[in-house]
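First the structure, in the form of structure tokens, and then the observations on it.
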Amino acid sequence: MSYRAGISGGPTGVGLGLRGQFLAEVDAGGADGRVPFWEISPENHVARGGGRTARLARVAERFPILSHGLSLSLGGVDPLDREFLAALREFLDTSRISSPWHSDHLCFTGTDGRALHDLLPIPWTGASARRVAERVGEVQDRLARPMLVENISYYLPYGSTPLDEAGFVAEVLERADCGLLLDVNNVFVNATNHGFDPFAWLAQIPLGRVVQIHIAGHEFWDDRAQDLIIDTHGAPVRAQVEDLLAWVIERTGPLPVLLERDTNIPPLAELLAERDRLDVVYQAALARRAAREVA
Amino acid sequence: MSDEALIRAFAAGLIEADAPAAIAADVAGFFAGHGVPAEAAAGLPSLAAERLLIYRKMVHGRLRDLFAEFLPKSAARLGRARLQAETARFIAEVAPRTPYFRAITGEFVAWAGQRWPADPGLPPYLADLAAYEWANAEVGDLPAGGEAASGNPLALDRPVQLDGTTTLRRYAWAVHRASEAGDLDAEPTALLLYRDRAELRVRVLELTPRAAAVCAHLLVGATLQAALTGACAELDQPMDDEFLAAMATFFADLADRGVLLGAL
């Protein structure tokens with residue numbers, strides 16, 4: 001049985017990140033029947049009251065909501081922030097969010113008590129994989145729910161390392177016995193910036209551990225030079241990234257696929273239209289998978 | 001050890017004030033200077049300096065934009081370049097500590113409160129204005145608020161029950177009258193901020209000195225009588241009929257607003 005098969009209760013289909021810019025519109029019913037699930041970053045809601053909290057609670061009564069964090073610094077060298085983990089656990093346990101798992105990134109976000117709030121790369125070494133896996137295990141214990149780790153976009157690799165990124169991800173997954181939140185846009189961004197085949201990268205990943213997918217758009221750092229793309233979540237998804245999504249879904253079957261949009265956020269109607277377009281890609285991949293199984 | 005050193009050196013490139021020049025001059029030397037073994041430092045890709053500085057721009061830019069979002073009037077008075085410079089100084093001197101992105105602005109404001117008033121290049125009211133702008137956001141997000149009223153009538157020998165978001169802030173400038181641009185009046189100002197229970201919006205009341213003095217006592221749990229007598233003593237004001245009538249009117253207004261909920 002795959003790791004994914006052991007996790008029950010998650011939604012499937014193409015969902016959206018629930019952002020403050022359109023939370024009130026969603027609360028008012030503006031996406032009812034159009035989105036199978038939403039995803040939030042709990043850091044934006046932990047220990048918080050007021051209008052945003054009230055609206056989120058009402059939305060959570062009508063939709064599944066997945067929990068995706070930004071601050072755990074799983075690859076960091078500081079001890080895990082146990083006070084934050086306790087607050088996160090309380091939020092996940094007591095809010096109306098019923099996420100069957102919590103996810104965060106394979107990165108560090110700060111050192112020596114300083115929180116830089118960005119997804120920063122870690123060296124791909126065996127020692128690093130062991131350290132990250134231990135920390136993932138501690139988080140799973142403290143949150144009392146399965147943990148997914150997400151592959152990040154990186155713009156500066158640390159030179160020659162004993163493992164490549166895919167090998168590092170696979171080792172963390174096996175050592176921590178956790179799931180993968182596979183970000184196919186990050187795979188594309190890295191493949192383009194660093195010159196490798198994204199499909200070959202995906203072929204190295206244990207797909208049985210893929211529990212959720214992220215997909216997003218990206219932008220050039222310098223529009224004139226066009227020599228570096230940045231995972232801004234600020235543009236529509238490109239066709240090449242949709243191809244990666246289809247490749248994975250054909251091999252895994254139904255999963256929750258989350259369309260991320262965090263900058264240049266368009267009106268909700270436009271986002272819903274992009275979600276619908278991605279859903280066509282998703283459903284077509286499932287149809288090809290079904291046809292192959294029949295054959 | 002090498003992994004840890006790489007991570008710390010990377011972070012130093014984002015934090016330290018003089019990092020950009022050092023990185024541009026010799027990125028391998030920068031990493032080596034932060035404990036990375038020379039062999040690992042020398043193995044960094046040729047684009048390492050450029051890419052590390054891109055990370056730095058992204059981290060600093062994200063925080064600058066956050067501060068501009070939460071402190072729009074203060075940011076407008078600073079201007080984009082100075083806000084960028086203040087963001088860099090904040091990161092270099094103390095850096096964010098909170099795991100909550102939304103809360104970093106509070107740390108920035110606390111840091112600015114120590115630094116900006118002594119800076120002759122900045123408007124003297126700027127730290128107060130930033131503190132006020134942040135207080136609005138902070139009160140709006142407080143987990144407390146909306147508590148059920150005790151139902152007890154006010155009594156002189158008991159503390160009062162206030163909505164959990166009720167917050168008293170004092171400023172040396174009329175920050176609540178700040179427009180998008182322009183200077184502020186130097187004017188001792190006491191403001192009561194609370195979150196409206198129906199619409200969940202932050203409301204701000206400008207208080208008289210005596211109303212502020214009474215509220216200060218009530219907010220720390222004094223009985224009603226102790227609050228009234230304490231305020232009169234502090235302001236060297238008799239507790240006469242005029243004072244009591246004014247406070248009765250004030251309390252009735254607070255009750256109408258859902259701020260004063262009764263006696264504890």
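For the structure tokens, the naming scheme is as follows: chains receive sequential letters (A, B, ...) according to their order of presentation, residues are indexed from 1 within each chain, and ligands are indexed from 1 in presentation order.
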
Contacts between chain A and chain B, please, where a residue of chain B counts if it comes within 7 Å (with only C-alpha atoms); show its shortest atom pair and distance in Å to one decimal, rows by chain and ascending number, as JSON lines.
```
{"residue": "B:Asp3", "atom": "CA", "partner": "A:Pro123", "partner_atom": "CA", "distance": 6.1}
{"residue": "B:Glu4", "atom": "CA", "partner": "A:Val77", "partner_atom": "CA", "distance": 6.4}
{"residue": "B:Ile7", "atom": "CA", "partner": "A:Ile122", "partner_atom": "CA", "distance": 6.7}
{"residue": "B:Arg8", "atom": "CA", "partner": "A:Thr111", "partner_atom": "CA", "distance": 6.5}
{"residue": "B:Ala11", "atom": "CA", "partner": "A:Gly110", "partner_atom": "CA", "distance": 6.8}
{"residue": "B:Gly43", "atom": "CA", "partner": "A:Gly159", "partner_atom": "CA", "distance": 5.3}
{"residue": "B:Leu44", "atom": "CA", "partner": "A:Gly159", "partner_atom": "CA", "distance": 4.5}
{"residue": "B:Pro45", "atom": "CA", "partner": "A:Gly159", "partner_atom": "CA", "distance": 5.5}
{"residue": "B:Ala48", "atom": "CA", "partner": "A:Leu156", "partner_atom": "CA", "distance": 6.2}
{"residue": "B:Arg51", "atom": "CA", "partner": "A:Leu156", "partner_atom": "CA", "distance": 5.8}
{"residue": "B:Leu52", "atom": "CA", "partner": "A:Leu156", "partner_atom": "CA", "distance": 6.8}
{"residue": "B:Val59", "atom": "CA", "partner": "A:Asp118", "partner_atom": "CA", "distance": 6.4}
{"residue": "B:Ala95", "atom": "CA", "partner": "A:Arg114", "partner_atom": "CA", "distance": 5.7}
{"residue": "B:Pro96", "atom": "CA", "partner": "A:Ala115", "partner_atom": "CA", "distance": 5.3}
{"residue": "B:Arg97", "atom": "CA", "partner": "A:Arg114", "partner_atom": "CA", "distance": 5.0}
{"residue": "B:Thr98", "atom": "CA", "partner": "A:Ala115", "partner_atom": "CA", "distance": 6.6}
{"residue": "B:Pro99", "atom": "CA", "partner": "A:Ser71", "partner_atom": "CA", "distance": 5.8}
{"residue": "B:Tyr100", "atom": "CA", "partner": "A:Glu43", "partner_atom": "CA", "distance": 5.6}
{"residue": "B:Phe101", "atom": "CA", "partner": "A:His117", "partner_atom": "CA", "distance": 6.9}
{"residue": "B:Arg102", "atom": "CA", "partner": "A:Asn44", "partner_atom": "CA", "distance": 6.9}
{"residue": "B:Gly140", "atom": "CA", "partner": "A:Gly50", "partner_atom": "CA", "distance": 5.9}
{"residue": "B:Asp141", "atom": "CA", "partner": "A:Gly49", "partner_atom": "CA", "distance": 5.0}
{"residue": "B:Leu142", "atom": "CA", "partner": "A:Gly49", "partner_atom": "CA", "distance": 5.1}
{"residue": "B:Pro143", "atom": "CA", "partner": "A:Gly49", "partner_atom": "CA", "distance": 3.9}
{"residue": "B:Ala144", "atom": "CA", "partner": "A:Gly49", "partner_atom": "CA", "distance": 6.6}
{"residue": "B:Leu200", "atom": "CA", "partner": "A:Gly51", "partner_atom": "CA", "distance": 5.4}
```

Would you export the selected residues with N, CA, C and O atoms as a JSON list (two decimals), in the first residue's frame, please?
```json
[["chain", "number", "residue", "atom", "x", "y", "z"],
["B", 3, "ASP", "N", 27.16, 21.89, 6.66],
["B", 3, "ASP", "CA", 25.77, 22.24, 6.32],
["B", 3, "ASP", "C", 25.30, 23.43, 7.14],
["B", 3, "ASP", "O", 24.69, 24.37, 6.63],
["B", 4, "GLU", "N", 25.56, 23.36, 8.43],
["B", 4, "GLU", "CA", 25.12, 24.45, 9.31],
["B", 4, "GLU", "C", 25.80, 25.76, 8.94],
["B", 4, "GLU", "O", 25.19, 26.83, 8.92],
["B", 7, "ILE", "N", 24.27, 27.30, 5.87],
["B", 7, "ILE", "CA", 22.97, 27.92, 6.16],
["B", 7, "ILE", "C", 23.16, 29.26, 6.88],
["B", 7, "ILE", "O", 22.53, 30.26, 6.55],
["B", 8, "ARG", "N", 24.05, 29.28, 7.86],
["B", 8, "ARG", "CA", 24.27, 30.53, 8.60],
["B", 8, "ARG", "C", 24.90, 31.60, 7.70],
["B", 8, "ARG", "O", 24.57, 32.79, 7.80],
["B", 11, "ALA", "N", 22.21, 33.01, 5.47],
["B", 11, "ALA", "CA", 21.36, 33.94, 6.22],
["B", 11, "ALA", "C", 22.09, 35.26, 6.47],
["B", 11, "ALA", "O", 21.49, 36.34, 6.38],
["B", 43, "GLY", "N", 33.49, 25.99, -3.96],
["B", 43, "GLY", "CA", 32.64, 25.20, -4.85],
["B", 43, "GLY", "C", 31.30, 25.83, -5.17],
["B", 43, "GLY", "O", 30.50, 25.26, -5.92],
["B", 44, "LEU", "N", 31.06, 27.00, -4.62],
["B", 44, "LEU", "CA", 29.79, 27.67, -4.93],
["B", 44, "LEU", "C", 29.74, 28.01, -6.41],
["B", 44, "LEU", "O", 30.78, 28.30, -7.02],
["B", 45, "PRO", "N", 28.55, 27.99, -7.00],
["B", 45, "PRO", "CA", 28.47, 28.27, -8.44],
["B", 45, "PRO", "C", 28.89, 29.69, -8.77],
["B", 45, "PRO", "O", 28.88, 30.58, -7.91],
["B", 48, "ALA", "N", 26.79, 32.66, -7.70],
["B", 48, "ALA", "CA", 26.39, 32.69, -6.29],
["B", 48, "ALA", "C", 26.17, 34.11, -5.78],
["B", 48, "ALA", "O", 25.20, 34.38, -5.07],
["B", 51, "ARG", "N", 22.96, 35.61, -7.24],
["B", 51, "ARG", "CA", 21.75, 34.95, -6.75],
["B", 51, "ARG", "C", 21.50, 35.23, -5.27],
["B", 51, "ARG", "O", 20.36, 35.41, -4.84],
["B", 52, "LEU", "N", 22.55, 35.28, -4.47],
["B", 52, "LEU", "CA", 22.37, 35.57, -3.05],
["B", 52, "LEU", "C", 21.82, 36.99, -2.88],
["B", 52, "LEU", "O", 20.96, 37.24, -2.03],
["B", 59, "VAL", "N", 13.79, 39.14, 0.13],
["B", 59, "VAL", "CA", 13.46, 39.15, 1.57],
["B", 59, "VAL", "C", 13.21, 40.58, 2.04],
["B", 59, "VAL", "O", 12.20, 40.86, 2.70],
["B", 95, "ALA", "N", 16.24, 42.11, 13.30],
["B", 95, "ALA", "CA", 15.58, 41.12, 12.43],
["B", 95, "ALA", "C", 14.26, 40.65, 13.04],
["B", 95, "ALA", "O", 14.06, 40.73, 14.25],
["B", 96, "PRO", "N", 13.36, 40.17, 12.21],
["B", 96, "PRO", "CA", 12.10, 39.62, 12.74],
["B", 96, "PRO", "C", 12.37, 38.41, 13.62],
["B", 96, "PRO", "O", 13.29, 37.64, 13.37],
["B", 97, "ARG", "N", 11.56, 38.27, 14.64],
["B", 97, "ARG", "CA", 11.66, 37.11, 15.54],
["B", 97, "ARG", "C", 10.41, 36.26, 15.51],
["B", 97, "ARG", "O", 10.44, 35.09, 15.85],
["B", 98, "THR", "N", 9.32, 36.85, 15.15],
["B", 98, "THR", "CA", 8.04, 36.15, 15.22],
["B", 98, "THR", "C", 7.88, 35.17, 14.06],
["B", 98, "THR", "O", 8.32, 35.45, 12.94],
["B", 99, "PRO", "N", 7.24, 34.03, 14.33],
["B", 99, "PRO", "CA", 6.92, 33.12, 13.22],
["B", 99, "PRO", "C", 5.72, 33.58, 12.41],
["B", 99, "PRO", "O", 5.42, 32.99, 11.38],
["B", 100, "TYR", "N", 5.07, 34.63, 12.87],
["B", 100, "TYR", "CA", 3.86, 35.11, 12.18],
["B", 100, "TYR", "C", 4.21, 36.31, 11.31],
["B", 100, "TYR", "O", 4.53, 37.39, 11.83],
["B", 101, "PHE", "N", 4.10, 36.12, 10.01],
["B", 101, "PHE", "CA", 4.48, 37.19, 9.08],
["B", 101, "PHE", "C", 3.73, 38.48, 9.40],
["B", 101, "PHE", "O", 4.29, 39.57, 9.39],
["B", 102, "ARG", "N", 2.45, 38.35, 9.70],
["B", 102, "ARG", "CA", 1.62, 39.54, 9.93],
["B", 102, "ARG", "C", 2.11, 40.33, 11.14],
["B", 102, "ARG", "O", 1.82, 41.53, 11.25],
["B", 140, "GLY", "N", -7.64, 45.12, 15.68],
["B", 140, "GLY", "CA", -8.53, 44.42, 14.76],
["B", 140, "GLY", "C", -8.34, 42.92, 14.77],
["B", 140, "GLY", "O", -9.27, 42.16, 14.49],
["B", 141, "ASP", "N", -7.14, 42.46, 15.09],
["B", 141, "ASP", "CA", -6.82, 41.04, 15.04],
["B", 141, "ASP", "C", -6.79, 40.36, 16.41],
["B", 141, "ASP", "O", -6.48, 39.16, 16.49],
["B", 142, "LEU", "N", -7.07, 41.08, 17.47],
["B", 142, "LEU", "CA", -6.96, 40.47, 18.80],
["B", 142, "LEU", "C", -7.87, 39.24, 18.90],
["B", 142, "LEU", "O", -9.02, 39.27, 18.47],
["B", 143, "PRO", "N", -7.35, 38.17, 19.49],
["B", 143, "PRO", "CA", -8.21, 36.99, 19.67],
["B", 143, "PRO", "C", -9.38, 37.28, 20.62],
["B", 143, "PRO", "O", -10.43, 36.65, 20.51],
["B", 144, "ALA", "N", -9.17, 38.21, 21.55],
["B", 144, "ALA", "CA", -10.23, 38.53, 22.51],
["B", 144, "ALA", "C", -11.31, 39.35, 21.82],
["B", 144, "ALA", "O", -11.18, 39.76, 20.67],
["B", 200, "LEU", "N", -17.20, 44.19, 13.54],
["B", 200, "LEU", "CA", -15.82, 43.73, 13.72],
["B", 200, "LEU", "C", -14.80, 44.70, 13.12],
["B", 200, "LEU", "O", -13.75, 44.30, 12.63]]
```

- Give me every strand (DSSP E) residue in range 99-270 of chain A, going by DSSP on the backbone, as a ChimeraX atom specification. /A:102-105,108-111,114-120,147-150,179-183,210-216,219-220,229-230,256-260

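With CA of Ala246 in chain B on one side and CA of Pro209 in chain B on the other, the separation reads 12.1 Å.
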
- Among range 30-251 of chain B, which ones does DSSP place in alpha helix (DSSP H), written as a VMD selection string? chain B and resid 30 to 33 38 to 42 48 to 70 72 to 78 80 to 93 104 to 115 126 to 141 209 to 219 224 to 235 241 to 251

- Please provide as an MDAnalysis selection string all residues within 10 Å of Ser153 in chain A, with the sequence filter that same-chain residues fewer than 2 positions apart are discarded (counting only C-alpha atoms). chainID A and resid 106:107 119:121 150:151 155:156 183:191 193 229:232

- Message: Residues within 12 Å of Cys215 in chain B, please, as a ChimeraX atom specification. Count only C-alpha atoms; anything in the same chain fewer than 2 positions from it doesn't count.
- Response: /B:159-162,166-170,190-193,205,207-213,217-224,226-228,230-231,247,250-251,254,259-260

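Taking CA of Ile104 in chain B and CA of Ala131 in chain B as endpoints, the distance between them is 13.0 Å.
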
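Atom to atom, CA of Ser67 in chain A and CA of Ala200 in chain A stand 29.2 Å apart.
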